[in-house]
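> My questions will all concern the structure given below.
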Amino acid sequence: MRRWNGLDEVPADWGRSVITIGVFDGVHRGHQRIVGAAVAEARRRGLRSVVITFDPHPDEVVRPGTHPPLLATTRHRIELLEGLGADAVVVVPFTLELSKTPPDEFVRQVLVDRLHAAHVIVGEDFRFGHKAKGDVALLRELGEKYDFTAEGMPLVANGGTISSTYIRGRLDAGEVDAAARALGRPHRVEGIVVRGHQRGRALGFPTANLETAQNTAIPADGVYGGWLVCDSDRYPGFRWPAAISIGTNPTFEGAGERTVEAYALDRDDLDLYGEHMGVDFTERVRDTLKFDSVEALIEQMHRDVDRIRDSTSE
């Protein structure tokens with residue numbers, strides 16, 4: 001697997017390719033189907049497969065502040081794409097200049113001159129070029145001009161259409177199990193572990209407080225079961241059952257800032273400050289509640305942990 005940060009890193013002698021192109025936010029099961037089709041077609045033709053994606057999200061450049069919460073960080077999205085079997089992933093920096101490129105020029109510069117497209121597979125609603133004037137029909141026409149074929153595929157899995165919008169809606173409702181079915185894996189939220197109010201430690205449940213990237217798709221407030229994951233030098237391949245809390249800690253005075261906190265079950269020996277961590281959501285346990293006393297909160301937390309421990313036992 002090769003990873004290129006920009007088209008300039010593509011080797012000059014790179015041969016003809018089967019290409020798929022898109023933002024692929026979340027790399028959900030519909031995206032997986034398209035990438036899988038490109039990989040299979042490349043193998044059938046004896047060529048190499050390339051996935052093109054963009055960073056930042058095009059909407060962030062064209063219409064700042066209007067794009068929806070992202071289902072995956074760029075880092076995680078690339079890892080997911082690489083895991084689908086393509087020979088290369090190229091991350092194209094999306095700039096205002098690129099957004100103004102006419103469709104014909106976009107195809108020539110990106111697909112033809114650099115990656116020598118033989119066949120291109122995209123989602124059936126794929127748009128490209130200045131003001132998104134290019135569609136699948138135009139891509140086919142340009143393919144005839146530049147000697148490649150193209151096809152648009154619906155974003156479906158098991159007979160149903162899958163969209164990032166649908167997944168965001170499930171997360172907004174706290175339905176992380178439904179989101180996981182559409183994604184093909186648990187939804188992950190990532191961030192750097194920072195110092196919080198350390199209330200969890202005082203209660204006997206030390207938590208990792210994640211500072212998430214702006215515009216991250218975070219599930220609705222509540223308590224969830226899942227996994228705390230990390231792959232750093234200090235904790236390579238770390239994956240541990242976790243109780244995850246999202247909300248403003250309404251039991252405590254002065255609550256108000258929304259946080260994502262994860263307690264690694266039965267672990268008080270972890271030094272996670274400064275680590276880049278992820279939390280994978282597998283089930284919703286309950287709503288966020290305001291308790292009459294700290295003692296009542298602790299009793300409920302023990303019940304939550306017992307339930308999560310049972311559901312994540314392997």
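Ligands are numbered from 1 in the order shown, chains are lettered A, B, ... in the order of the structure tokens, and residues start at 1 in each chain.
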Residues at most 10 Å from Arg284 of chain A, counting only C-alpha atoms, excluding those fewer than 6 positions away in the same chain, as JSON, numbers by chain?

{"A": [174, 175, 176, 177, 219, 220, 221, 222, 223, 224, 225, 226, 244, 308]}

> When DSSP is applied to the backbone of this structure, which of segment 168-275 of chain A are assigned alpha helix (DSSP H)? Write them out as an MDAnalysis selection string.

chainID A and resid 168:172 176:183 199:203

> Which residues are near Glu41 of chain A? Cut-off 10 Å, only C-alpha atoms, ignore same chain within fewer than 3 positions. Put them as a PyMOL selection string.

chain A and resi 17-19+35-38+44-49+119-121

> Counting only C-alpha atoms, give me one row per residue of segment 7-28 of chain A with an atom at most 9 Å from an atom of segment 86-97 of chain A, showing the shortest contact pair and its distance in Å to one decimal, sorted by chain then residue number, as JSON lines.


{"residue": "A:Leu7", "atom": "CA", "partner": "A:Val92", "partner_atom": "CA", "distance": 6.6}
{"residue": "A:Glu9", "atom": "CA", "partner": "A:Val90", "partner_atom": "CA", "distance": 8.6}
{"residue": "A:Val10", "atom": "CA", "partner": "A:Val90", "partner_atom": "CA", "distance": 8.2}

> Quick one: which segment 35-106 of chain A residues come within 10 Å of segment 134-142 of chain A, and what is the nearest atom pair for each with the distance in Å to one decimal, counting only C-alpha atoms, rows ordered by chain and ascending number, as a Markdown table?


| residue | atom | partner | partner_atom | distance |
| --- | --- | --- | --- | --- |
| A:Pro102 | CA | A:Gly134 | CA | 8.4 |
| A:Pro103 | CA | A:Gly134 | CA | 5.5 |
| A:Asp104 | CA | A:Leu142 | CA | 7.0 |
| A:Phe106 | CA | A:Gly134 | CA | 9.5 |

> Need the shell around Leu81 of chain A: protein/DNA/RNA residues with any atom at most 10 Å away, counting only C-alpha atoms. Skip same-chain ones fewer than 3 positions apart. Format as JSON, numbers by chain?

{"A": [24, 26, 27, 31, 32, 35, 51, 52, 53, 76, 77, 78, 84, 85, 86, 88, 89]}

> Tell me, which residues of segment 1-175 of chain A carry DSSP strand (DSSP E or B), written as a ChimeraX atom specification?

/A:2-5,17-21,48-55,70,88-93,117-123,128,134,149-153,156-157,160-161

> For Phe238 of chain A, which residue out of A:Glu261, A:Asp268, A:Glu275, A:Asp310 is the nearest one, using only C-alpha atoms?

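The closest residue to Phe238 of chain A is A:Glu275.
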
> Would you work out the distance separating atom CA of Ala217 of chain A from atom CA of Pro69 of chain A, expressed in Å to one decimal?

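It comes out at 4.7 Å.
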
> Quick one: residues within 9 Å of segment 207-212 of chain A, only C-alpha atoms counted, chain neighbours fewer than 6 positions away excluded, as a CSV table (one decimal) with C-alpha atoms, in the first residue's frame?


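Contents of result11.csv, freshly written:
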chain,number,residue,atom,x,y,z
A,189,VAL,CA,-14.5,9.7,18.1
A,190,GLU,CA,-10.8,10.7,18.5
A,191,GLY,CA,-8.9,13.3,20.4
A,192,ILE,CA,-6.0,14.2,22.6
A,193,VAL,CA,-6.4,13.3,26.3
A,194,VAL,CA,-6.4,16.5,28.3
A,195,ARG,CA,-6.8,17.3,32.0
A,196,GLY,CA,-10.4,17.9,33.0
A,198,GLN,CA,-10.8,15.1,37.5
A,199,ARG,CA,-14.2,14.4,39.1
A,200,GLY,CA,-14.1,10.8,37.8
A,201,ARG,CA,-10.9,10.0,39.6
A,243,ALA,CA,-17.7,3.3,29.8
A,244,ILE,CA,-18.1,6.5,27.8
A,259,THR,CA,-17.2,16.7,27.2
A,260,VAL,CA,-16.4,13.2,25.9
A,261,GLU,CA,-14.9,11.1,28.7
A,262,ALA,CA,-14.0,7.4,28.8
A,263,TYR,CA,-13.3,5.1,31.8
A,264,ALA,CA,-11.2,2.1,31.0
A,272,LEU,CA,-3.0,8.8,29.1
A,273,TYR,CA,-2.4,12.6,29.2
A,276,HIS,CA,-4.1,10.5,20.9
A,277,MET,CA,-7.0,8.2,21.8
A,278,GLY,CA,-10.2,7.0,20.2

> Kindly give the distance, in Å, that separates atom CA of Lys290 of chain A and atom CA of Glu257 of chain A, rounded to a single decimal.

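Atom CA of Lys290 of chain A sits 14.9 Å away from atom CA of Glu257 of chain A.
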
> Have a look at A:Met1, A:Ala72, A:Ile218, A:Ala179 and name the one nearest to Tyr166 of chain A; count only C-alpha atoms.

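Looking only at the distances to Tyr166 of chain A, the closest residue turns out to be A:Ala179.
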
> Between atom CA of Val229 of chain A and atom CA of Leu71 of chain A, what is the spacing in Å?

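Going from atom CA of Leu71 of chain A over to atom CA of Val229 of chain A, I get 16.8 Å.
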
> When you count only C-alpha atoms, which of these residues is closest to Asp287 of chain A: A:Ser311, A:Ala173, A:Glu82, A:Gly237?

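When distances to Asp287 of chain A are compared using only C-alpha atoms, the smallest one comes from A:Ala173.
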